[in-house]
Amino acid sequence: MPLFHRTSQRSADQPPPKRRILVADDDPSIGRLIQTALPANQYETVVVANGMEALDAFNKGQFDLVFLDVMMPFVDGFDACERIRAKSDVPIVIITARDGTDDIVQGFRRGADEYITKPFKVAEFVARVEAILRRVDMQKARTAPTFVQVGDLVIDAIAHKVSVRGAEVKLTPMEFELLYFLAANAG
């Protein structure tokens, strides 16, 4: 997740936009359960059946939260998690029947922010969704400079570009956010 999230402020009288949630699980009953558990007036849930469809849907749309089952055809949840994390800081939750310590550790090491084992209690699941999105909202509320310069290092937060002595430096989203945070808080 980003250390700072640069967004414009919304007026207080505007209703909050629907949260878009991507759910990837080869068990259709899980997708239906999540769609039923989350209020339709607050959430738009996109359900796909495998990791390849999850990556395709993620690349085509903006999502506030991603749920990935581990045991899916074509691309498993761990691989999908790693690929999404390489290009985005969206919160990712692994939701799976695999509850071994090695699986949980692998999920976090590959980029997951949360790990939920099946079967799960619906009320607890909804509370976790709300908690994750509340943390995202708190981060969005932070204001941050759009341009930071420390010595020869220049960071343009709007263009998401970093340069050193005029030469552009390619960074992953997490590397960018970490460097931005450190430079914005130099000293």
# chains A, B, ... in the order shown; residues from 1 in each chain; ligands from 1

call {"tool": "select_by_dssp", "arguments": {"residues": "segment 138-174 of chain A", "states": "alpha helix (DSSP H)", "output": "count of residues only"}}
result
6

call {"tool": "select_by_dssp", "arguments": {"residues": "segment 8-124 of chain A", "states": "strand (DSSP E)", "output": "VMD selection string"}}
result
chain A and resid 19 to 24 43 to 48 65 to 68 92 to 96 114 to 117

call {"tool": "residues_around", "arguments": {"residues": "Leu171 of chain A", "least_positions_apart": "4", "cutoff": "9 Å", "atoms": "only C-alpha atoms", "output": "compact mmCIF listing (two decimals) with C-alpha atoms, in the first residue's frame"}}
result
# COMPACT_ATOMS: atom_id res chain seq x y z
CA LYS A 161 8.80 9.38 -12.38
CA VAL A 162 12.16 9.38 -10.64
CA GLU A 175 9.99 0.97 -4.57
CA PHE A 176 8.58 4.27 -5.81

call {"tool": "atom_distance", "arguments": {"atom1": "atom CA of Lys60 of chain A", "atom2": "atom CA of Met174 of chain A"}}
result
20.7 Å

call {"tool": "closest_residue", "arguments": {"among": "A:Asn50, A:Ser29, A:Gln149, A:Asn59", "to": "Phe78 of chain A", "atoms": "only C-alpha atoms"}}
result
A:Asn50

call {"tool": "residues_around", "arguments": {"residues": "Gly77 of chain A", "least_positions_apart": "4", "cutoff": "10 Å", "atoms": "only C-alpha atoms", "output": "mmCIF file with N, CA, C and O atoms, in the first residue's frame"}}
result
data_model
loop_
_atom_site.group_PDB
_atom_site.id
_atom_site.type_symbol
_atom_site.label_atom_id
_atom_site.label_comp_id
_atom_site.auth_asym_id
_atom_site.auth_seq_id
_atom_site.Cartn_x
_atom_site.Cartn_y
_atom_site.Cartn_z
ATOM 1 N N ALA A 24 -11.409 -13.498 -7.273
ATOM 2 C CA ALA A 24 -10.990 -14.589 -8.161
ATOM 3 C C ALA A 24 -11.031 -15.894 -7.378
ATOM 4 O O ALA A 24 -10.234 -16.096 -6.460
ATOM 5 N N ASP A 25 -11.979 -16.751 -7.742
ATOM 6 C CA ASP A 25 -12.122 -18.044 -7.066
ATOM 7 C C ASP A 25 -12.800 -18.997 -8.034
ATOM 8 O O ASP A 25 -13.800 -18.639 -8.659
ATOM 9 N N ASN A 50 -10.690 -17.763 -12.478
ATOM 10 C CA ASN A 50 -9.316 -18.270 -12.440
ATOM 11 C C ASN A 50 -8.322 -17.104 -12.414
ATOM 12 O O ASN A 50 -8.691 -15.946 -12.608
ATOM 13 N N GLY A 51 -7.076 -17.450 -12.193
ATOM 14 C CA GLY A 51 -6.038 -16.434 -12.079
ATOM 15 C C GLY A 51 -5.803 -15.652 -13.355
ATOM 16 O O GLY A 51 -5.519 -14.444 -13.312
ATOM 17 N N MET A 52 -5.931 -16.282 -14.492
ATOM 18 C CA MET A 52 -5.739 -15.587 -15.766
ATOM 19 C C MET A 52 -6.823 -14.532 -15.963
ATOM 20 O O MET A 52 -6.535 -13.397 -16.356
ATOM 21 N N ALA A 54 -8.433 -13.114 -13.579
ATOM 22 C CA ALA A 54 -8.186 -12.080 -12.563
ATOM 23 C C ALA A 54 -7.181 -11.061 -13.076
ATOM 24 O O ALA A 54 -7.390 -9.852 -12.943
ATOM 25 N N PHE A 67 -9.432 -10.021 -3.993
ATOM 26 C CA PHE A 67 -9.440 -11.302 -3.282
ATOM 27 C C PHE A 67 -8.994 -12.380 -4.249
ATOM 28 O O PHE A 67 -9.527 -12.475 -5.360
ATOM 29 N N LEU A 68 -8.047 -13.207 -3.824
ATOM 30 C CA LEU A 68 -7.526 -14.279 -4.675
ATOM 31 C C LEU A 68 -7.543 -15.606 -3.938
ATOM 32 O O LEU A 68 -6.995 -15.720 -2.835
ATOM 33 N N ASP A 69 -8.162 -16.611 -4.549
ATOM 34 C CA ASP A 69 -8.042 -17.976 -4.053
ATOM 35 C C ASP A 69 -6.670 -18.471 -4.487
ATOM 36 O O ASP A 69 -6.123 -18.009 -5.498
ATOM 37 N N VAL A 70 -6.091 -19.392 -3.763
ATOM 38 C CA VAL A 70 -4.767 -19.911 -4.139
ATOM 39 C C VAL A 70 -4.893 -20.969 -5.222
ATOM 40 O O VAL A 70 -4.191 -20.918 -6.233
ATOM 41 N N MET A 71 -5.783 -21.919 -5.026
ATOM 42 C CA MET A 71 -5.857 -23.070 -5.922
ATOM 43 C C MET A 71 -6.828 -22.806 -7.074
ATOM 44 O O MET A 71 -7.979 -23.221 -7.040
ATOM 45 N N MET A 72 -6.325 -22.096 -8.091
ATOM 46 C CA MET A 72 -7.133 -21.789 -9.278
ATOM 47 C C MET A 72 -6.417 -22.315 -10.512
ATOM 48 O O MET A 72 -5.191 -22.418 -10.524
ATOM 49 N N PRO A 73 -7.178 -22.609 -11.571
ATOM 50 C CA PRO A 73 -6.546 -23.070 -12.810
ATOM 51 C C PRO A 73 -5.794 -21.949 -13.528
ATOM 52 O O PRO A 73 -6.038 -20.766 -13.285
ATOM 53 N N CYS A 81 -1.140 -12.859 -7.330
ATOM 54 C CA CYS A 81 -0.829 -11.867 -6.308
ATOM 55 C C CYS A 81 0.499 -11.167 -6.620
ATOM 56 O O CYS A 81 0.590 -9.934 -6.599
ATOM 57 N N GLU A 82 1.500 -11.957 -6.917
ATOM 58 C CA GLU A 82 2.822 -11.403 -7.210
ATOM 59 C C GLU A 82 2.785 -10.496 -8.448
ATOM 60 O O GLU A 82 3.395 -9.427 -8.462
ATOM 61 N N ARG A 83 2.057 -10.909 -9.466
ATOM 62 C CA ARG A 83 1.974 -10.103 -10.697
ATOM 63 C C ARG A 83 1.217 -8.794 -10.467
ATOM 64 O O ARG A 83 1.601 -7.745 -10.983
ATOM 65 N N VAL A 93 -6.013 -9.684 -0.744
ATOM 66 C CA VAL A 93 -6.334 -10.637 0.306
ATOM 67 C C VAL A 93 -6.365 -12.032 -0.309
ATOM 68 O O VAL A 93 -7.086 -12.265 -1.282
ATOM 69 N N ILE A 94 -5.574 -12.922 0.247
ATOM 70 C CA ILE A 94 -5.632 -14.333 -0.146
ATOM 71 C C ILE A 94 -6.773 -14.946 0.658
ATOM 72 O O ILE A 94 -6.864 -14.776 1.871
ATOM 73 N N ILE A 95 -7.652 -15.669 -0.047
ATOM 74 C CA ILE A 95 -8.785 -16.319 0.603
ATOM 75 C C ILE A 95 -8.789 -17.765 0.119
ATOM 76 O O ILE A 95 -9.060 -18.024 -1.046
ATOM 77 N N THR A 96 -8.428 -18.702 1.003
ATOM 78 C CA THR A 96 -8.162 -20.069 0.566
ATOM 79 C C THR A 96 -8.382 -21.079 1.680
ATOM 80 O O THR A 96 -8.408 -20.715 2.863
ATOM 81 N N GLY A 107 2.079 -16.497 1.014
ATOM 82 C CA GLY A 107 1.122 -15.478 0.591
ATOM 83 C C GLY A 107 1.595 -14.076 0.935
ATOM 84 O O GLY A 107 1.578 -13.176 0.089
ATOM 85 N N ARG A 110 4.648 -13.006 -1.106
ATOM 86 C CA ARG A 110 4.374 -12.728 -2.525
ATOM 87 C C ARG A 110 3.520 -11.490 -2.723
ATOM 88 O O ARG A 110 3.182 -11.142 -3.843
ATOM 89 N N ALA A 112 0.637 -10.380 -0.491
ATOM 90 C CA ALA A 112 -0.693 -10.253 0.112
ATOM 91 C C ALA A 112 -0.642 -9.345 1.339
ATOM 92 O O ALA A 112 0.362 -9.303 2.055
#

call {"tool": "closest_residue", "arguments": {"among": "A:Val75, A:Val122, A:Val23, A:Leu55", "to": "Ser88 of chain A", "atoms": "only C-alpha atoms"}}
result
A:Leu55

call {"tool": "residues_around", "arguments": {"residues": "Thr172 of chain A", "least_positions_apart": "5", "cutoff": "9 Å", "atoms": "only C-alpha atoms", "output": "list of chain:residue names"}}
result
A:Arg85, A:Ala86, A:Lys87, A:Ser88, A:Glu177

call {"tool": "atom_distance", "arguments": {"atom1": "atom CA of Arg98 of chain A", "atom2": "atom CA of Arg135 of chain A"}}
result
26.2 Å

call {"tool": "atom_distance", "arguments": {"atom1": "atom CA of Asp64 of chain A", "atom2": "atom CA of Arg19 of chain A"}}
result
5.9 Å

call {"tool": "residues_around", "arguments": {"residues": "Phe58 of chain A", "least_positions_apart": "4", "cutoff": "8 Å", "atoms": "only C-alpha atoms", "output": "NGL selection string"}}
result
:A and (22 or 54 or 62-63 or 84)

call {"tool": "decode", "arguments": {"residues": "segment 68-90 of chain A", "atoms": "N, CA, C and O atoms", "output": "compact mmCIF listing (two decimals), in the first residue's frame"}}
result
# COMPACT_ATOMS: atom_id res chain seq x y z
N LEU A 68 -8.05 -13.21 -3.82
CA LEU A 68 -7.53 -14.28 -4.67
C LEU A 68 -7.54 -15.61 -3.94
O LEU A 68 -6.99 -15.72 -2.83
N ASP A 69 -8.16 -16.61 -4.55
CA ASP A 69 -8.04 -17.98 -4.05
C ASP A 69 -6.67 -18.47 -4.49
O ASP A 69 -6.12 -18.01 -5.50
N VAL A 70 -6.09 -19.39 -3.76
CA VAL A 70 -4.77 -19.91 -4.14
C VAL A 70 -4.89 -20.97 -5.22
O VAL A 70 -4.19 -20.92 -6.23
N MET A 71 -5.78 -21.92 -5.03
CA MET A 71 -5.86 -23.07 -5.92
C MET A 71 -6.83 -22.81 -7.07
O MET A 71 -7.98 -23.22 -7.04
N MET A 72 -6.32 -22.10 -8.09
CA MET A 72 -7.13 -21.79 -9.28
C MET A 72 -6.42 -22.31 -10.51
O MET A 72 -5.19 -22.42 -10.52
N PRO A 73 -7.18 -22.61 -11.57
CA PRO A 73 -6.55 -23.07 -12.81
C PRO A 73 -5.79 -21.95 -13.53
O PRO A 73 -6.04 -20.77 -13.29
N PHE A 74 -4.90 -22.33 -14.40
CA PHE A 74 -4.11 -21.47 -15.29
C PHE A 74 -3.04 -20.68 -14.55
O PHE A 74 -1.87 -20.86 -14.80
N VAL A 75 -3.42 -19.78 -13.67
CA VAL A 75 -2.49 -19.01 -12.85
C VAL A 75 -2.99 -19.12 -11.42
O VAL A 75 -4.14 -18.74 -11.14
N ASP A 76 -2.16 -19.64 -10.51
CA ASP A 76 -2.65 -19.78 -9.14
C ASP A 76 -2.66 -18.42 -8.43
O ASP A 76 -2.14 -17.42 -8.93
N GLY A 77 -3.29 -18.37 -7.27
CA GLY A 77 -3.46 -17.13 -6.54
C GLY A 77 -2.15 -16.48 -6.11
O GLY A 77 -2.04 -15.25 -6.09
N PHE A 78 -1.15 -17.30 -5.76
CA PHE A 78 0.15 -16.74 -5.37
C PHE A 78 0.80 -16.01 -6.54
O PHE A 78 1.32 -14.91 -6.39
N ASP A 79 0.77 -16.64 -7.72
CA ASP A 79 1.36 -16.00 -8.91
C ASP A 79 0.58 -14.75 -9.29
O ASP A 79 1.18 -13.72 -9.63
N ALA A 80 -0.76 -14.83 -9.25
CA ALA A 80 -1.57 -13.65 -9.58
C ALA A 80 -1.28 -12.52 -8.59
O ALA A 80 -1.16 -11.36 -8.99
N CYS A 81 -1.14 -12.86 -7.33
CA CYS A 81 -0.83 -11.87 -6.31
C CYS A 81 0.50 -11.17 -6.62
O CYS A 81 0.59 -9.93 -6.60
N GLU A 82 1.50 -11.96 -6.92
CA GLU A 82 2.82 -11.40 -7.21
C GLU A 82 2.79 -10.50 -8.45
O GLU A 82 3.39 -9.43 -8.46
N ARG A 83 2.06 -10.91 -9.47
CA ARG A 83 1.97 -10.10 -10.70
C ARG A 83 1.22 -8.79 -10.47
O ARG A 83 1.60 -7.74 -10.98
N ILE A 84 0.14 -8.85 -9.70
CA ILE A 84 -0.61 -7.63 -9.40
C ILE A 84 0.24 -6.70 -8.53
O ILE A 84 0.31 -5.50 -8.78
N ARG A 85 0.91 -7.26 -7.54
CA ARG A 85 1.72 -6.46 -6.63
C ARG A 85 2.88 -5.76 -7.37
O ARG A 85 3.28 -4.66 -7.01
N ALA A 86 3.39 -6.38 -8.41
CA ALA A 86 4.50 -5.78 -9.17
C ALA A 86 4.08 -4.48 -9.86
O ALA A 86 4.93 -3.63 -10.13
N LYS A 87 2.78 -4.31 -10.08
CA LYS A 87 2.34 -3.10 -10.79
C LYS A 87 1.37 -2.24 -9.99
O LYS A 87 0.98 -1.19 -10.45
N SER A 88 0.98 -2.67 -8.80
CA SER A 88 -0.02 -1.90 -8.05
C SER A 88 0.15 -2.10 -6.55
O SER A 88 0.65 -3.13 -6.10
N ASP A 89 -0.33 -1.12 -5.81
CA ASP A 89 -0.33 -1.22 -4.36
C ASP A 89 -1.73 -1.47 -3.80
O ASP A 89 -1.99 -1.27 -2.63
N VAL A 90 -2.64 -1.92 -4.66
CA VAL A 90 -4.01 -2.24 -4.23
C VAL A 90 -3.94 -3.30 -3.12
O VAL A 90 -3.10 -4.20 -3.16
